[in-house]
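Heads up, model.tsv below (TSV, C-alpha atoms and all ligand atoms):
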```
chain	number	residue	atom	x	y	z
A	18	MET	CA	-15.38	32.19	13.17
A	19	ALA	CA	-12.25	31.72	11.06
A	20	ALA	CA	-9.09	30.57	12.85
A	21	PRO	CA	-6.72	33.42	13.70
A	22	MET	CA	-4.03	34.30	11.19
A	23	ARG	CA	-0.46	33.91	12.31
A	24	PHE	CA	1.37	37.25	12.26
A	25	ILE	CA	5.10	36.91	11.80
A	26	MET	CA	7.17	40.07	11.69
A	27	ILE	CA	10.84	39.82	10.74
A	28	GLY	CA	12.93	42.86	11.64
A	29	GLY	CA	16.54	43.89	11.29
A	30	PHE	CA	18.59	46.78	9.98
A	31	LEU	CA	18.66	47.81	6.31
A	32	GLY	CA	20.09	45.06	4.13
A	33	ALA	CA	20.18	42.44	6.90
A	34	GLY	CA	18.31	39.85	4.81
A	35	LYS	CA	14.66	40.37	5.83
A	36	THR	CA	13.16	40.01	2.34
A	37	THR	CA	15.30	36.98	1.51
A	38	THR	CA	14.28	35.38	4.82
A	39	ILE	CA	10.60	36.17	4.28
A	40	SER	CA	10.70	34.66	0.81
A	41	ARG	CA	12.23	31.47	2.21
A	42	LEU	CA	9.74	31.31	5.10
A	43	ALA	CA	6.81	31.92	2.73
A	44	ALA	CA	7.93	29.02	0.55
A	45	ALA	CA	8.33	26.80	3.64
A	46	TYR	CA	4.80	27.58	4.91
A	47	GLN	CA	3.33	27.02	1.45
A	48	LYS	CA	5.06	23.63	1.41
A	49	ARG	CA	3.27	22.87	4.70
A	50	GLY	CA	0.00	23.65	2.91
A	51	ARG	CA	-0.47	27.10	4.47
A	52	LYS	CA	-1.79	30.09	2.59
A	53	VAL	CA	0.67	32.94	2.92
A	54	GLY	CA	0.29	36.72	2.59
A	55	ILE	CA	3.21	39.11	2.78
A	56	VAL	CA	3.17	42.78	3.76
A	57	THR	CA	6.08	45.00	2.73
A	58	ASN	CA	6.66	48.49	4.01
A	59	ASP	CA	8.44	51.67	3.03
A	60	GLN	CA	8.39	55.42	3.45
A	61	ALA	CA	7.62	55.82	-0.27
A	62	ALA	CA	6.20	53.94	-3.27
A	63	ASP	CA	8.19	51.90	-5.84
A	64	LEU	CA	9.62	49.20	-3.68
A	65	VAL	CA	12.12	46.68	-4.99
A	66	ASP	CA	11.03	44.22	-2.27
A	67	THR	CA	7.36	44.25	-3.32
A	68	LYS	CA	8.21	43.73	-6.98
A	69	SER	CA	10.72	41.02	-6.18
A	70	LEU	CA	8.36	39.05	-3.89
A	71	ARG	CA	5.44	39.43	-6.32
A	72	SER	CA	7.64	38.26	-9.18
A	73	GLN	CA	8.41	35.16	-7.11
A	74	GLY	CA	4.67	34.46	-7.12
A	75	PHE	CA	3.75	35.53	-3.59
A	76	ASP	CA	0.63	37.42	-2.59
A	77	VAL	CA	2.01	40.77	-1.42
A	78	GLY	CA	0.37	43.88	0.02
A	79	GLU	CA	2.37	47.06	0.41
A	80	VAL	CA	2.22	49.73	3.07
A	81	ALA	CA	3.96	52.65	1.37
A	82	GLY	CA	4.24	56.23	2.53
A	83	ALA	CA	5.00	55.58	6.20
A	84	CYS	CA	6.33	52.78	8.37
A	85	PHE	CA	3.99	50.26	10.05
A	86	CYS	CA	4.35	52.06	13.37
A	87	CYS	CA	3.29	55.42	11.96
A	88	ASN	CA	0.66	53.95	9.69
A	89	PHE	CA	-0.78	51.14	11.81
A	90	ASN	CA	-4.25	51.30	10.24
A	91	GLU	CA	-2.77	50.89	6.79
A	92	LEU	CA	-1.10	47.70	8.00
A	93	THR	CA	-4.40	46.22	9.18
A	94	ASP	CA	-6.17	47.48	6.02
A	95	THR	CA	-3.52	45.87	3.85
A	96	VAL	CA	-3.97	42.56	5.64
A	97	ALA	CA	-7.74	42.93	5.17
A	98	ALA	CA	-7.16	43.47	1.43
A	99	LEU	CA	-5.08	40.29	1.29
A	100	GLU	CA	-7.96	38.46	2.96
A	101	VAL	CA	-10.38	39.45	0.20
A	102	GLU	CA	-8.50	37.40	-2.40
A	103	GLN	CA	-7.64	34.42	-0.23
A	104	ARG	CA	-7.54	34.53	3.55
A	105	PRO	CA	-3.91	33.83	4.53
A	106	ASP	CA	-3.13	31.41	7.37
A	107	VAL	CA	0.19	33.16	7.82
A	108	VAL	CA	0.98	36.86	7.38
A	109	LEU	CA	4.68	37.67	7.03
A	110	ALA	CA	5.48	41.34	7.60
A	111	GLU	CA	8.69	43.21	6.83
A	112	PRO	CA	9.05	46.54	8.63
A	113	VAL	CA	11.34	49.35	7.43
A	114	GLY	CA	14.93	48.49	8.34
A	115	SER	CA	15.61	51.75	10.15
A	116	CYS	CA	12.60	51.34	12.47
A	117	THR	CA	12.56	50.22	16.05
A	118	ASP	CA	10.03	50.23	18.93
A	119	LEU	CA	7.94	47.83	16.86
A	120	VAL	CA	6.78	45.80	19.86
A	121	ALA	CA	5.18	48.87	21.44
A	122	THR	CA	3.83	50.32	18.21
A	123	VAL	CA	2.86	47.30	16.11
A	124	ILE	CA	2.77	43.99	17.98
A	125	GLN	CA	1.05	45.14	21.17
A	126	PRO	CA	-1.58	47.27	19.36
A	127	LEU	CA	-2.24	44.34	17.02
A	128	LEU	CA	-2.77	42.01	19.97
A	129	HIS	CA	-4.92	44.53	21.79
A	130	LEU	CA	-7.04	45.83	18.92
A	131	CYS	CA	-7.18	42.79	16.65
A	132	GLY	CA	-6.39	40.01	19.13
A	133	ALA	CA	-9.18	37.74	17.91
A	134	LYS	CA	-7.88	37.91	14.38
A	135	PHE	CA	-4.19	37.17	14.93
A	136	THR	CA	-1.81	35.03	16.89
A	137	VAL	CA	1.61	36.61	17.11
A	138	SER	CA	4.78	34.59	16.64
A	139	PRO	CA	8.03	35.41	18.44
A	140	TYR	CA	9.55	38.57	16.99
A	141	GLY	CA	12.81	37.76	15.21
A	142	VAL	CA	15.45	40.31	14.31
A	143	ILE	CA	18.13	39.55	11.74
A	144	LEU	CA	21.71	40.66	12.03
A	145	LYS	CA	23.92	41.61	9.08
A	146	PRO	CA	27.30	40.29	10.30
A	147	SER	CA	29.57	43.04	8.90
A	148	HIS	CA	27.36	45.75	10.36
A	149	GLY	CA	26.70	43.96	13.66
A	150	ARG	CA	30.33	43.19	14.37
A	151	ARG	CA	31.44	46.77	13.77
A	152	ILE	CA	28.85	48.23	16.09
A	153	LEU	CA	28.92	45.58	18.82
A	154	SER	CA	32.71	45.54	19.06
A	155	GLY	CA	32.82	49.33	19.22
A	156	GLU	CA	34.48	49.91	15.82
A	157	GLU	CA	31.86	52.32	14.65
A	158	GLN	CA	33.61	53.74	11.59
A	159	GLY	CA	31.07	54.76	9.03
A	160	PHE	CA	28.17	54.63	11.49
A	161	SER	CA	27.13	57.45	13.69
A	162	PRO	CA	26.39	56.73	17.37
A	163	LYS	CA	22.72	57.51	16.58
A	164	ALA	CA	22.52	54.83	13.90
A	165	ALA	CA	24.22	52.42	16.31
A	166	TYR	CA	21.60	53.35	18.92
A	167	ILE	CA	18.76	52.31	16.60
A	168	PHE	CA	20.54	49.08	15.74
A	169	LYS	CA	21.01	48.17	19.43
A	170	LYS	CA	17.39	48.99	20.25
A	171	GLN	CA	16.29	46.66	17.45
A	172	LEU	CA	18.24	43.86	19.12
A	173	GLU	CA	16.86	44.69	22.56
A	174	GLU	CA	13.19	44.25	21.64
A	175	ALA	CA	13.67	40.97	19.76
A	176	ASP	CA	12.38	37.66	21.11
A	177	PHE	CA	15.14	35.95	19.17
A	178	LEU	CA	18.00	36.94	16.91
A	179	ILE	CA	19.29	35.47	13.68
A	180	ILE	CA	22.92	35.79	12.65
A	181	ASN	CA	22.41	35.70	8.90
A	182	ARG	CA	24.85	35.00	6.05
A	183	ILE	CA	26.58	32.06	7.75
A	184	ASP	CA	27.22	30.68	4.24
A	185	ALA	CA	29.76	33.48	3.85
A	186	LEU	CA	31.18	33.48	7.38
A	187	PRO	CA	34.01	31.46	9.00
A	188	THR	CA	32.84	29.51	12.07
A	189	ALA	CA	35.07	31.59	14.35
A	190	GLU	CA	33.32	34.76	13.12
A	191	VAL	CA	29.91	33.27	13.87
A	192	GLU	CA	31.08	32.36	17.37
A	193	ARG	CA	32.51	35.85	17.93
A	194	LEU	CA	29.20	37.42	16.87
A	195	ARG	CA	27.27	35.07	19.11
A	196	GLN	CA	29.43	36.14	22.08
A	197	LEU	CA	28.97	39.82	21.25
A	198	LEU	CA	25.21	39.34	21.09
A	199	GLU	CA	25.16	37.47	24.37
A	200	GLN	CA	26.93	40.40	26.01
A	201	GLU	CA	24.61	42.95	24.40
A	202	VAL	CA	21.29	41.20	24.98
A	203	PRO	CA	21.83	38.44	27.54
A	204	GLY	CA	19.19	35.72	27.52
A	205	THR	CA	17.85	36.35	24.01
A	206	PRO	CA	18.11	33.14	21.93
A	207	VAL	CA	20.51	33.47	18.99
A	208	LEU	CA	20.06	31.34	15.87
A	209	CYS	CA	22.52	31.11	12.99
A	210	ALA	CA	21.22	30.83	9.46
A	211	SER	CA	21.67	31.58	5.81
A	212	ALA	CA	18.66	33.04	4.08
A	213	LYS	CA	20.51	32.40	0.85
A	214	THR	CA	21.07	28.63	1.23
A	215	GLY	CA	18.41	27.78	3.82
A	216	GLU	CA	20.94	26.46	6.32
A	217	GLY	CA	19.62	26.82	9.87
A	218	PHE	CA	16.02	27.44	8.78
A	219	ALA	CA	14.61	24.37	10.49
A	220	ALA	CA	15.50	26.03	13.80
A	221	VAL	CA	14.03	29.36	12.66
A	222	LEU	CA	10.73	27.66	11.75
A	223	GLU	CA	10.72	25.80	15.06
A	224	MET	CA	11.26	29.06	16.95
A	225	LEU	CA	8.44	30.76	15.05
A	226	ASP	CA	6.10	27.86	15.93
A	227	GLN	CA	6.34	28.75	19.61
A	228	GLN	CA	3.37	30.54	21.13
A	229	GLY	CA	2.56	32.74	24.09
A	230	GLY	CA	4.50	35.38	25.97
A	231	PHE	CA	6.23	36.90	22.96
A	232	GLY	CA	6.27	40.41	21.55
A	233	GLU	CA	6.31	41.88	25.05
A	234	LYS	CA	9.68	43.59	25.29
A	235	ILE	CA	8.69	47.22	25.43
A	236	LEU	CA	11.65	49.55	24.98
A	237	GLU	CA	12.70	52.64	26.85
A	238	LEU	CA	13.42	54.74	23.78
A	239	ASP	CA	14.69	58.26	23.25
A	240	TYR	CA	12.59	59.38	20.27
A	241	ASP	CA	14.82	62.43	19.65
A	242	LEU	CA	17.86	60.23	19.18
A	243	TYR	CA	15.86	57.73	17.14
A	244	ALA	CA	14.54	60.48	14.84
A	245	GLU	CA	17.99	62.01	14.42
A	246	GLY	CA	19.48	58.59	13.63
A	247	GLU	CA	16.89	57.91	10.94
A	248	ALA	CA	17.26	61.41	9.51
A	249	GLU	CA	20.95	60.81	8.86
A	250	LEU	CA	19.92	58.58	5.98
A	251	GLY	CA	19.22	59.72	2.46
A	252	TRP	CA	16.34	57.68	1.10
A	253	LEU	CA	15.65	57.31	-2.62
A	254	ASN	CA	13.08	55.33	-4.62
A	255	SER	CA	13.24	55.80	-8.35
A	256	SER	CA	11.42	54.10	-11.22
A	257	LEU	CA	12.62	54.26	-14.79
A	258	ARG	CA	12.22	52.66	-18.16
A	259	VAL	CA	15.12	51.36	-20.20
A	260	THR	CA	14.79	50.67	-23.92
A	261	SER	CA	17.09	49.53	-26.66
A	262	GLY	CA	17.05	49.06	-30.42
A	263	SER	CA	18.62	45.63	-29.92
A	264	THR	CA	18.83	43.21	-26.99
A	265	PHE	CA	20.87	43.78	-23.83
A	266	VAL	CA	21.82	41.59	-20.85
A	267	LEU	CA	19.49	42.79	-18.09
A	268	ASP	CA	21.55	41.35	-15.21
A	269	ASP	CA	24.71	43.09	-16.45
A	270	LEU	CA	22.89	46.40	-16.59
A	271	LEU	CA	21.58	46.01	-13.01
A	272	LEU	CA	25.04	45.14	-11.69
A	273	GLU	CA	26.56	48.02	-13.63
A	274	ILE	CA	24.12	50.49	-12.07
A	275	VAL	CA	24.96	49.31	-8.55
A	276	SER	CA	28.72	49.18	-9.23
A	277	ARG	CA	28.84	52.71	-10.67
A	278	LEU	CA	26.77	54.03	-7.79
A	279	LYS	CA	29.06	52.33	-5.27
A	280	GLU	CA	32.07	54.08	-6.85
A	281	LYS	CA	30.38	57.46	-6.79
A	282	LEU	CA	29.29	57.08	-3.17
A	283	ALA	CA	32.82	56.04	-2.17
A	284	LYS	CA	34.16	59.31	-3.63
A	285	ASP	CA	31.66	61.20	-1.44
A	286	ASP	CA	32.69	59.06	1.54
A	287	ALA	CA	29.03	58.12	2.04
A	288	GLU	CA	28.22	54.94	3.97
A	289	THR	CA	25.77	52.65	2.20
A	290	ALA	CA	23.14	50.82	4.25
A	291	HIS	CA	21.53	49.15	1.21
A	292	LEU	CA	21.33	49.77	-2.54
A	293	LYS	CA	19.01	47.54	-4.52
A	294	THR	CA	17.68	47.55	-8.04
A	295	ILE	CA	15.20	45.30	-9.80
A	296	GLY	CA	14.75	44.98	-13.57
A	297	LEU	CA	11.60	43.42	-15.04
A	298	TRP	CA	10.93	42.36	-18.62
A	299	GLU	CA	8.20	40.03	-19.88
A	300	GLY	CA	8.01	37.83	-16.79
A	301	PHE	CA	11.78	37.83	-16.23
A	302	TYR	CA	13.23	39.68	-13.25
A	303	GLY	CA	16.66	40.26	-11.77
A	304	VAL	CA	17.82	41.99	-8.58
A	305	ALA	CA	21.25	43.50	-7.81
A	306	ASN	CA	22.31	44.71	-4.36
A	307	LEU	CA	25.05	46.36	-2.38
A	308	VAL	CA	24.74	45.89	1.38
A	309	SER	CA	27.69	47.97	2.58
A	310	SER	CA	30.39	50.26	1.29
A	311	ASP	CA	33.08	47.64	1.87
A	312	THR	CA	31.47	44.67	0.10
A	313	MET	CA	31.04	43.90	-3.58
A	314	PRO	CA	27.83	44.46	-5.53
A	315	GLU	CA	26.03	41.18	-6.15
A	316	LEU	CA	23.30	39.79	-8.31
A	317	SER	CA	20.96	38.29	-5.72
A	318	LEU	CA	18.37	37.12	-8.28
A	319	ALA	CA	19.43	36.53	-11.85
A	320	SER	CA	16.96	37.09	-14.68
A	321	GLY	CA	19.21	35.27	-17.14
A	322	CYS	CA	17.52	37.19	-19.94
A	323	GLN	CA	18.42	39.27	-22.96
A	324	ALA	CA	15.85	42.04	-22.78
A	325	ARG	CA	14.65	44.58	-25.32
A	326	SER	CA	13.33	46.93	-22.66
A	327	ALA	CA	12.93	46.89	-18.89
A	328	GLU	CA	11.10	48.50	-16.03
A	329	VAL	CA	13.77	49.30	-13.47
A	330	VAL	CA	13.34	50.38	-9.86
A	331	VAL	CA	16.24	51.67	-7.75
A	332	ASN	CA	16.05	51.93	-3.95
A	333	ALA	CA	18.96	53.50	-2.07
A	334	ARG	CA	19.46	54.02	1.66
A	335	VAL	CA	22.71	55.86	2.23
A	336	ALA	CA	24.13	58.26	4.82
A	337	ILE	CA	24.15	61.22	2.43
A	338	ASP	CA	22.14	64.32	1.51
A	339	PRO	CA	19.07	63.13	-0.47
A	340	GLN	CA	19.56	65.71	-3.22
A	341	ARG	CA	23.13	64.55	-3.73
A	342	LEU	CA	21.91	60.94	-3.71
A	343	THR	CA	19.45	61.75	-6.51
A	344	GLU	CA	22.23	63.28	-8.61
A	345	LEU	CA	24.52	60.31	-8.08
A	346	VAL	CA	21.81	57.75	-8.84
A	347	GLU	CA	20.83	59.57	-12.03
A	348	SER	CA	24.38	59.82	-13.26
A	349	ALA	CA	25.16	56.18	-12.35
A	350	VAL	CA	22.06	54.99	-14.21
A	351	ARG	CA	22.77	57.17	-17.26
A	352	GLU	CA	26.39	55.98	-17.46
A	353	ALA	CA	25.40	52.32	-17.04
A	354	CYS	CA	22.75	52.67	-19.75
A	355	ARG	CA	25.16	54.39	-22.12
A	356	ALA	CA	27.68	51.59	-21.57
A	357	SER	CA	25.05	48.95	-22.37
A	358	GLY	CA	23.74	50.78	-25.45
A	359	THR	CA	20.33	51.47	-23.89
A	360	GLN	CA	18.27	54.61	-23.43
A	361	VAL	CA	16.74	55.60	-20.12
A	362	GLU	CA	13.67	57.57	-19.19
A	363	PHE	CA	13.26	58.48	-15.52
A	364	ARG	CA	9.63	58.15	-14.50
A	365	GLU	CA	9.39	59.07	-10.85
A	366	THR	CA	11.98	59.76	-8.19
A	367	GLN	CA	11.34	60.40	-4.53
A	368	SER	CA	14.24	61.27	-2.27
A	369	PHE	CA	14.13	62.55	1.27
A	370	ARG	CA	15.30	62.08	4.82
A	371	PRO	CA	12.88	60.01	6.90
A	372	GLY	CA	10.72	62.27	9.08
A	373	ARG	CA	10.36	61.99	12.83
A	374	PRO	CA	8.51	58.79	13.75
A	375	LEU	CA	5.03	59.58	15.11
A	376	PRO	CA	3.51	56.20	15.93
A	377	THR	CA	-0.24	55.72	15.60
A	378	HIS	CA	-0.20	53.80	18.90
A	379	ARG	CA	2.54	53.38	21.45
A	380	TYR	CA	1.93	51.00	24.33
A	381	ARG	CA	3.91	51.71	27.48
A	382	LYS	CA	3.26	48.30	28.98
A	383	ALA	CA	2.70	44.90	27.46
A	384	LEU	CA	-0.93	43.76	27.69
A	385	ALA	CA	0.14	40.83	29.83
A	386	GLU	CA	1.41	43.27	32.47
A	387	GLN	CA	-1.72	45.44	32.58
A	401	LIG	N1	25.54	35.45	1.13
A	401	LIG	C1	24.34	35.74	1.62
A	401	LIG	N2	23.68	36.81	1.15
A	401	LIG	C2	22.47	37.08	1.68
A	401	LIG	C3	21.87	36.28	2.68
A	401	LIG	N3	20.67	36.82	3.01
A	401	LIG	C4	20.52	37.90	2.24
A	401	LIG	N4	21.60	38.06	1.43
A	401	LIG	C5	21.81	39.12	0.45
A	401	LIG	O1	21.82	40.35	1.13
A	401	LIG	C6	21.21	41.37	0.35
A	401	LIG	C7	20.11	42.04	1.16
A	401	LIG	O2	19.08	41.09	1.40
A	401	LIG	P1	17.57	41.55	1.61
A	401	LIG	O3	16.82	40.31	1.95
A	401	LIG	O4	17.13	42.36	0.47
A	401	LIG	O5	17.74	42.48	2.89
A	401	LIG	P2	16.62	43.35	3.64
A	401	LIG	O6	16.89	43.24	5.10
A	401	LIG	O7	15.28	42.94	3.20
A	401	LIG	O8	16.96	44.81	3.12
A	401	LIG	P3	16.03	46.14	3.26
A	401	LIG	O9	14.64	45.78	2.89
A	401	LIG	O10	16.63	47.12	2.30
A	401	LIG	O11	16.20	46.61	4.67
A	401	LIG	C8	20.76	40.68	-0.93
A	401	LIG	O12	21.76	40.85	-1.89
A	401	LIG	C9	20.66	39.22	-0.54
A	401	LIG	O13	20.88	38.35	-1.61
A	401	LIG	C10	22.60	35.14	3.14
A	401	LIG	O14	22.18	34.36	3.99
A	401	LIG	N5	23.82	34.93	2.57
A	402	MG	MG	13.79	44.09	2.32
```

Can you dump the structure from the file as structure tokens?
Ligand SMILES: Nc1nc2c(ncn2[C@@H]2O[C@H](COP(=O)(O)OP(=O)(O)OP(=O)(O)O)[C@@H](O)[C@H]2O)c(=O)[nH]1
Ligand SMILES: [Mg+2]
Amino acid sequence: MAAPMRFIMIGGFLGAGKTTTISRLAAAYQKRGRKVGIVTNDQAADLVDTKSLRSQGFDVGEVAGACFCCNFNELTDTVAALEVEQRPDVVLAEPVGSCTDLVATVIQPLLHLCGAKFTVSPYGVILKPSHGRRILSGEEQGFSPKAAYIFKKQLEEADFLIINRIDALPTAEVERLRQLLEQEVPGTPVLCASAKTGEGFAAVLEMLDQQGGFGEKILELDYDLYAEGEAELGWLNSSLRVTSGSTFVLDDLLLEIVSRLKEKLAKDDAETAHLKTIGLWEGFYGVANLVSSDTMPELSLASGCQARSAEVVVNARVAIDPQRLTELVESAVREACRASGTQVEFRETQSFRPGRPLPTHRYRKALAEQ
């Protein structure tokens, strides 16, 4: 029988750095000679993360339409589909950033129902410093207590935590965050890293190499509060096609879309959890992001190209009515395209509030305790 695949799930709130971390980990395992498969996840189709990771050359399966917890069989089917091409040694999975209770609904069922197929690595949860500091120090402006509840539950079920973005953080800030985390979840190891530069990743890889006794922290969770917290978010996935009679700078267009949307959302006083947009043209790809209302839009992956047309996908997770979000995204995209001398055709837009989580399985006790 084939050796078990290693299942590594990396959690954390929207925009924390999960995809960037998974990309870095995938490259590190490939360097060690491991075959890697990645599974992305969203409530709807047209995912920036899937397109971005595939463009980077990784083998990616997508669970779209519901989160891993509510669509557990789709997760195992997607891994099975990855196995058909080339059986991965390591499966890296990114759950939806507003989900929690993943130990009870994903890790424990996986161990129980597919235990011969997988070994499970410690479950790591990434912290976005600006977001984490505001919630953990009690300055909750912009976040409702329900959103803060989900965030804290994500920390509680982690086997280890990663303070991300240390490339952009003064040492004193890192130390302050570490103290806040130690108060919130005493005893949980805290690593500090930068998914952008790779600093601190040796320790992350070492932690993930550990085996046995992980993925066992089953939460006490109020599903009403959890559902209400998720439903505060407006969720939008939109795919569009941009064309031009001449060439245009793809990266500028992506940044312009995010910048204009940021301005519009600020006028509505709507808190952004994560805005991301990818543009693809003839093998080139660029990604622009905004990870909070009080930071600047950034080009996280530059295409460096002058395009003639582009497939563009916009994903937005914002505390706002989804219908209003659709209007603002459409007007931001149209204005950005007009400014860059391009024409836009919207293909498909889905916008909604996430529905109540109804997990396929929910284990009340870890297998080890039964
Ligand atoms: N400076 C800095 N930026 C980072 C780091 N890690 C991630 N980012 C940026 O943060 C943004 C969000 O990163 P993602 O990896 O897409 O975050 P995510 O958790 O996958 O987001 P969702 O899938 O929407 O929940 C991107 O613009 C990244 O470039 C880091 O270590 N340092
Ligand atoms: Mg992601």

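The binding environment of ligand MG 402 (chain A), defined as every protein, DNA or RNA residue with an atom no more than 7 Å away and counting all atoms listed in the file, comprises A:Gly32, A:Gly34, A:Lys35, A:Thr36, A:Asp66, A:Glu111.
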
Best match for closeness to Glu280 (chain A) among A:Thr260, A:Ser348, A:Gln227, A:Asn254, counting only C-alpha atoms: A:Ser348

Give me the residues of chain A that have any atom at most 7 Å from an atom of ligand LIG 401 (chain A); for each, the nearest atom pair and the distance in Å, rounded to one decimal. Use only C-alpha atoms and all ligand atoms, sort by chain and number, and format it as CSV.
```
residue,atom,partner,partner_atom,distance
A:Gly29,CA,A:LIG401,O6,6.2
A:Phe30,CA,A:LIG401,O11,5.8
A:Leu31,CA,A:LIG401,O11,3.2
A:Gly32,CA,A:LIG401,O8,3.3
A:Ala33,CA,A:LIG401,O6,3.8
A:Gly34,CA,A:LIG401,O3,3.3
A:Lys35,CA,A:LIG401,O6,3.7
A:Thr36,CA,A:LIG401,O3,3.7
A:Thr37,CA,A:LIG401,O3,3.7
A:Thr38,CA,A:LIG401,O3,6.2
A:Asp66,CA,A:LIG401,O9,6.5
A:Val113,CA,A:LIG401,O11,6.2
A:Gly114,CA,A:LIG401,O11,4.3
A:Asn181,CA,A:LIG401,O14,5.1
A:Arg182,CA,A:LIG401,O14,3.4
A:Ile183,CA,A:LIG401,O14,6.2
A:Asp184,CA,A:LIG401,N5,5.7
A:Ala185,CA,A:LIG401,N1,5.4
A:Ala210,CA,A:LIG401,O14,6.6
A:Ser211,CA,A:LIG401,O14,3.4
A:Ala212,CA,A:LIG401,O14,3.8
A:Lys213,CA,A:LIG401,O14,4.1
A:Thr214,CA,A:LIG401,O14,6.5
A:His291,CA,A:LIG401,O10,5.4
A:Ala305,CA,A:LIG401,O12,6.5
A:Asn306,CA,A:LIG401,O12,4.6
A:Leu307,CA,A:LIG401,O12,6.4
A:Val308,CA,A:LIG401,C6,5.8
A:Glu315,CA,A:LIG401,O12,6.0
A:Leu316,CA,A:LIG401,O12,6.7
A:Ser317,CA,A:LIG401,O13,4.1
```

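For the pair CA of Val120 (chain A) and CA of Ser368 (chain A), the separation is 28.0 Å.
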
Who sits within 9 Å of Arg334 (chain A), all atoms listed in the file, same chain under 4 positions skipped, as a ChimeraX atom specification: /A:31,250-253,289-293

Deliver the residues from the most recent selection as a file, using C-alpha atoms, as a PDB file, in the coordinates of the input.
```pdb
ATOM      1  CA  LEU A  31      18.660  47.810   6.310  1.00  0.00           C
ATOM      2  CA  LEU A 250      19.920  58.580   5.980  1.00  0.00           C
ATOM      3  CA  GLY A 251      19.220  59.720   2.460  1.00  0.00           C
ATOM      4  CA  TRP A 252      16.340  57.680   1.100  1.00  0.00           C
ATOM      5  CA  LEU A 253      15.650  57.310  -2.620  1.00  0.00           C
ATOM      6  CA  THR A 289      25.770  52.650   2.200  1.00  0.00           C
ATOM      7  CA  ALA A 290      23.140  50.820   4.250  1.00  0.00           C
ATOM      8  CA  HIS A 291      21.530  49.150   1.210  1.00  0.00           C
ATOM      9  CA  LEU A 292      21.330  49.770  -2.540  1.00  0.00           C
ATOM     10  CA  LYS A 293      19.010  47.540  -4.520  1.00  0.00           C
TER      11      LYS A 293
END
```

Using all atoms listed in the file: which of A:Ser255, A:Leu119, A:Arg41, A:Glu201 has the shortest distance to Glu216 (chain A): A:Arg41

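Ranking A:Ser161, A:Thr136, A:Gln387, A:Ser326 by their shortest atom-to-atom distance to Arg23 (chain A), with all atoms listed in the file included, puts A:Thr136 first.
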
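Reported to one decimal place, the separation of CA of Val53 (chain A) from CA of Pro105 (chain A) is 4.9 Å.
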
Contacts of region 241-249 of chain A at 9 Å (all atoms listed in the file; same-chain gap of 4+ positions) as a PyMOL selection string: chain A and resi 115-117+161-167+335-338+369-374

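Residue nearest Ser276 (chain A), chosen from A:Glu174, A:Asp226, A:Glu199, A:Glu352 and counting all atoms listed in the file: A:Glu352.
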
Within 12 Å of (-2.7, 49.3, -2.1), in the coordinates the file gives, what residues turn up when you count only C-alpha atoms, written out as an mmCIF file with C-alpha atoms, in the coordinates of the input?
```cif
data_model
loop_
_atom_site.group_PDB
_atom_site.id
_atom_site.type_symbol
_atom_site.label_atom_id
_atom_site.label_comp_id
_atom_site.auth_asym_id
_atom_site.auth_seq_id
_atom_site.Cartn_x
_atom_site.Cartn_y
_atom_site.Cartn_z
ATOM 1 C CA VAL A 56 3.170 42.780 3.760
ATOM 2 C CA THR A 57 6.080 45.000 2.730
ATOM 3 C CA ASN A 58 6.660 48.490 4.010
ATOM 4 C CA ALA A 62 6.200 53.940 -3.270
ATOM 5 C CA ASP A 63 8.190 51.900 -5.840
ATOM 6 C CA THR A 67 7.360 44.250 -3.320
ATOM 7 C CA VAL A 77 2.010 40.770 -1.420
ATOM 8 C CA GLY A 78 0.370 43.880 0.020
ATOM 9 C CA GLU A 79 2.370 47.060 0.410
ATOM 10 C CA VAL A 80 2.220 49.730 3.070
ATOM 11 C CA ALA A 81 3.960 52.650 1.370
ATOM 12 C CA GLY A 82 4.240 56.230 2.530
ATOM 13 C CA GLU A 91 -2.770 50.890 6.790
ATOM 14 C CA LEU A 92 -1.100 47.700 8.000
ATOM 15 C CA THR A 93 -4.400 46.220 9.180
ATOM 16 C CA ASP A 94 -6.170 47.480 6.020
ATOM 17 C CA THR A 95 -3.520 45.870 3.850
ATOM 18 C CA VAL A 96 -3.970 42.560 5.640
ATOM 19 C CA ALA A 97 -7.740 42.930 5.170
ATOM 20 C CA ALA A 98 -7.160 43.470 1.430
ATOM 21 C CA LEU A 99 -5.080 40.290 1.290
#
```

Option closest in space to Ile124 (chain A), from A:Ala349, A:Leu342, A:Cys86, A:Val304 [counting all atoms listed in the file]: A:Cys86

Coordinates-based distance that separates CA of Ser72 (chain A) from CA of Glu102 (chain A) (Å, one decimal): 17.5 Å

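Using only C-alpha atoms, the nearest neighbour of Asp118 (chain A) within the list A:Gly358, A:Gly300, A:Gly149, A:Gly232 is A:Gly232.
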
Who sits within 12 Å of Glu299 (chain A), only C-alpha atoms, same chain under 6 positions skipped, as a list in words: Ser72, Leu267, Ser320, Cys322, Gln323, Ala324, Arg325, Ser326, Ala327 and Glu328 of chain A

Expected answer as a list of chain:residue names: all residues with atoms within 12 Å of (9.4, 26.5, 4.6), all atoms listed in the file: A:Thr38, A:Ile39, A:Ser40, A:Arg41, A:Leu42, A:Ala43, A:Ala44, A:Ala45, A:Tyr46, A:Gln47, A:Lys48, A:Arg49, A:Gly50, A:Arg51, A:Lys52, A:Val53, A:Val107, A:Ala212, A:Gly215, A:Glu216, A:Gly217, A:Phe218, A:Ala219, A:Ala220, A:Val221, A:Leu222, A:Glu223, A:Leu225, A:Asp226
